[in-house]
Amino acid sequence: MVDDQSLAGNATTAPSTGLDPPAAPTGADERGFPLSGPSRVLLATLSLAAGAIHLWMVPSHADEWLAEGLAFAAAGAVQIALALVLLLRPSAVALRVSCLANAGFIAAWVVTRASGMPFGPHEGIRETAGFVDLTAVALEAALVIVGYELLVRPSRGASLSPTSRAFLSVVPIGILAVSLAAVLSPSATDHGHHSEAEEMAAGHHSDGHAHGADEAPVDDKGLSLIMNGQGEGGGHSHEVEEVKLDTATQKELDAQVALTEPLIEKFPTVKDAEAGGYARSGPFSPGLGAHYRLKGVGNLNQDGVMDAEDIASGMLIYDGVEPDSKLVGFMFLSYGTEEVPEGFAGPNDQWHFHTNVCITVRPDGSIDSPLGADTSAPKELCDKYGGSLIENTGYMVHLWPVPGYESPEGLFSNTNSKIMCDDGTYYTVELDEIGYRTSVCRDV
């Protein structure tokens, strides 16, 4: 008679028929990819942190260019989705996708910092590296390196003791802490398209002047020399804070600025401007560009309120004097008025004037400023070039609405730090060296 205990014993010792499924290795999922628990947590934390940074930065990028904001949103969504997959259902395919996607994100970041976006409103403008984006790139680099290592050795970490696992738990906590610090840092709060010029300008504002014995001045590559010039009549200054406008005033200002859009479309390069009857007035200057004036035109209506006719009378500003130099902004002049023009809606338009500007008249009737229009020239130097001194230029204002060349110093700033010499600096030659040069840059 066979008892129940014997049956149980026979059941547990019965030989395998060869049809039983093999036991899965520790940490393997149902597809047989043996990724260990610690590896899953590390990969998921890295991907989650990188994705969170991308999503955090969506609003600041979308404000400047919606397409870029959407690209950041897509990158963040991909990284967070991969974090969940790698943690809950890891596979070799998911790991390869993670490696390739993050390698692509790193490549895109390198391009924007080395040469700027190849298209879009910020085409060709190099961005600077801040703490927040360096953190994201470091996380992505770690994902690529760790990911490829685990593709070769997926069981790494499986043999860790409970004590070692407890000790290493500080790693994902540290990753999340650094990522949180990055999104709360000033580089994230103030982030947008900060080019090299913008960073120099920002550095100059906060650190460019030595306020104490322990503070060293920042090398701003000559930016402060062109932005601090008060001169007679106010000159150029960057110590102006924009006032936030109420809804109605902002709407009125937006409508006035929108009047420049046909000009932006019609005269994108110097070649287009010259074909349209514009002639250069003075040399190219960093921070100011090269001004092109329509012959016989160039003054505001008597009421001084910006309308379509006033906008059409403005001077076009370019980032050089070559045929393919790009339009960067506008300048509007109110000559012969004693009061500051009403100008644009709101109090932010910075009207200023210059004194003792040397001008000459070309045979075709166009006006040139051989010594530049933003410095006070001595009479003997002006006489040398057959010019005449204008005691007062009249009130003028700059406007920087052109996509990709929006001034970091403000829509109406006297100077624009995005406009640099070819060598990326703002250094200029001495006044008596300018003459009829087409650029006052020292590198020319």
# chains A, B, ... in the order shown; residues from 1 in each chain; ligands from 1
>>> residues_around(residues="stretch 440-443 of chain A", least_positions_apart="2", cutoff="9 Å", atoms="only C-alpha atoms", output="list in words")
Pro283, Phe284, Ser285, Pro286, Leu371, Gly372, Met420, Cys421, Asp422, Asp423, Thr425, Tyr426, Tyr427, Thr428, Val429, Glu430, Leu431, Glu433, Ile434, Arg437 and Thr438 of chain A
>>> residues_around(residues="stretch 347-353 of chain A", least_positions_apart="2", cutoff="7 Å", atoms="only C-alpha atoms", output="list in words")
Gly233, Gly234, Gly235, Glu242, Val243, Val340, Phe344, Ala345, Thr355, Asn392, Thr393, Gly394, Tyr395, Met396, Val397, Phe412, Ser413 and Asn414 of chain A
>>> residues_around(residues="A:Gly277", least_positions_apart="4", cutoff="7 Å", atoms="only C-alpha atoms", output="VMD selection string")
chain A and resid 273 294 to 295
>>> atom_distance(atom1="atom CA of A:Val361", atom2="atom CA of A:Ala377")
16.8 Å
>>> closest_residue(among="A:His354, A:Arg280, A:His398, A:Arg96", to="A:Ser369", atoms="only C-alpha atoms")
A:Arg280
>>> residues_around(residues="stretch 381-388 of chain A", least_positions_apart="2", cutoff="6 Å", atoms="only C-alpha atoms", output="list in words")
Cys358, Ile359, Thr360, Pro378 and Lys379 of chain A
>>> write_last_selection(atoms="C-alpha atoms", output="mmCIF file, in the first residue's frame")
data_model
loop_
_atom_site.group_PDB
_atom_site.id
_atom_site.type_symbol
_atom_site.label_atom_id
_atom_site.label_comp_id
_atom_site.auth_asym_id
_atom_site.auth_seq_id
_atom_site.Cartn_x
_atom_site.Cartn_y
_atom_site.Cartn_z
ATOM 1 C CA CYS A 358 30.957 114.067 -38.885
ATOM 2 C CA ILE A 359 28.936 113.591 -42.086
ATOM 3 C CA THR A 360 29.688 113.789 -45.790
ATOM 4 C CA PRO A 378 36.943 116.710 -33.396
ATOM 5 C CA LYS A 379 36.560 119.303 -36.150
#
>>> residues_around(residues="A:Phe119", least_positions_apart="6", cutoff="12 Å", atoms="only C-alpha atoms", output="list in words")
Trp65, Ala67, Glu68, Val111, Thr112, Ile125, Pro403 and Gly404 of chain A
>>> write_last_selection(atoms="N, CA and C atoms", output="PDB file, in the first residue's frame")
ATOM      1  N   TRP A  65      10.865  79.692 -29.545  1.00  0.00           N
ATOM      2  CA  TRP A  65      10.606  78.981 -30.790  1.00  0.00           C
ATOM      3  C   TRP A  65       9.805  77.731 -30.452  1.00  0.00           C
ATOM      4  N   ALA A  67       8.793  75.181 -32.111  1.00  0.00           N
ATOM      5  CA  ALA A  67       9.308  73.901 -32.609  1.00  0.00           C
ATOM      6  C   ALA A  67      10.386  73.342 -31.678  1.00  0.00           C
ATOM      7  N   GLU A  68      11.222  74.217 -31.160  1.00  0.00           N
ATOM      8  CA  GLU A  68      12.270  73.748 -30.252  1.00  0.00           C
ATOM      9  C   GLU A  68      11.665  73.298 -28.919  1.00  0.00           C
ATOM     10  N   VAL A 111      26.233  70.398 -31.488  1.00  0.00           N
ATOM     11  CA  VAL A 111      26.060  71.251 -32.662  1.00  0.00           C
ATOM     12  C   VAL A 111      25.637  72.652 -32.248  1.00  0.00           C
ATOM     13  N   THR A 112      24.671  72.756 -31.332  1.00  0.00           N
ATOM     14  CA  THR A 112      24.183  74.083 -30.934  1.00  0.00           C
ATOM     15  C   THR A 112      25.246  74.880 -30.204  1.00  0.00           C
ATOM     16  N   ILE A 125      23.624  80.905 -34.515  1.00  0.00           N
ATOM     17  CA  ILE A 125      23.970  81.576 -33.263  1.00  0.00           C
ATOM     18  C   ILE A 125      24.362  80.519 -32.238  1.00  0.00           C
ATOM     19  N   PRO A 403      14.057  88.026 -35.763  1.00  0.00           N
ATOM     20  CA  PRO A 403      14.288  86.714 -35.148  1.00  0.00           C
ATOM     21  C   PRO A 403      15.748  86.292 -35.230  1.00  0.00           C
ATOM     22  N   GLY A 404      16.272  85.869 -34.099  1.00  0.00           N
ATOM     23  CA  GLY A 404      17.669  85.449 -34.021  1.00  0.00           C
ATOM     24  C   GLY A 404      18.602  86.563 -33.596  1.00  0.00           C
TER      25      GLY A 404
END
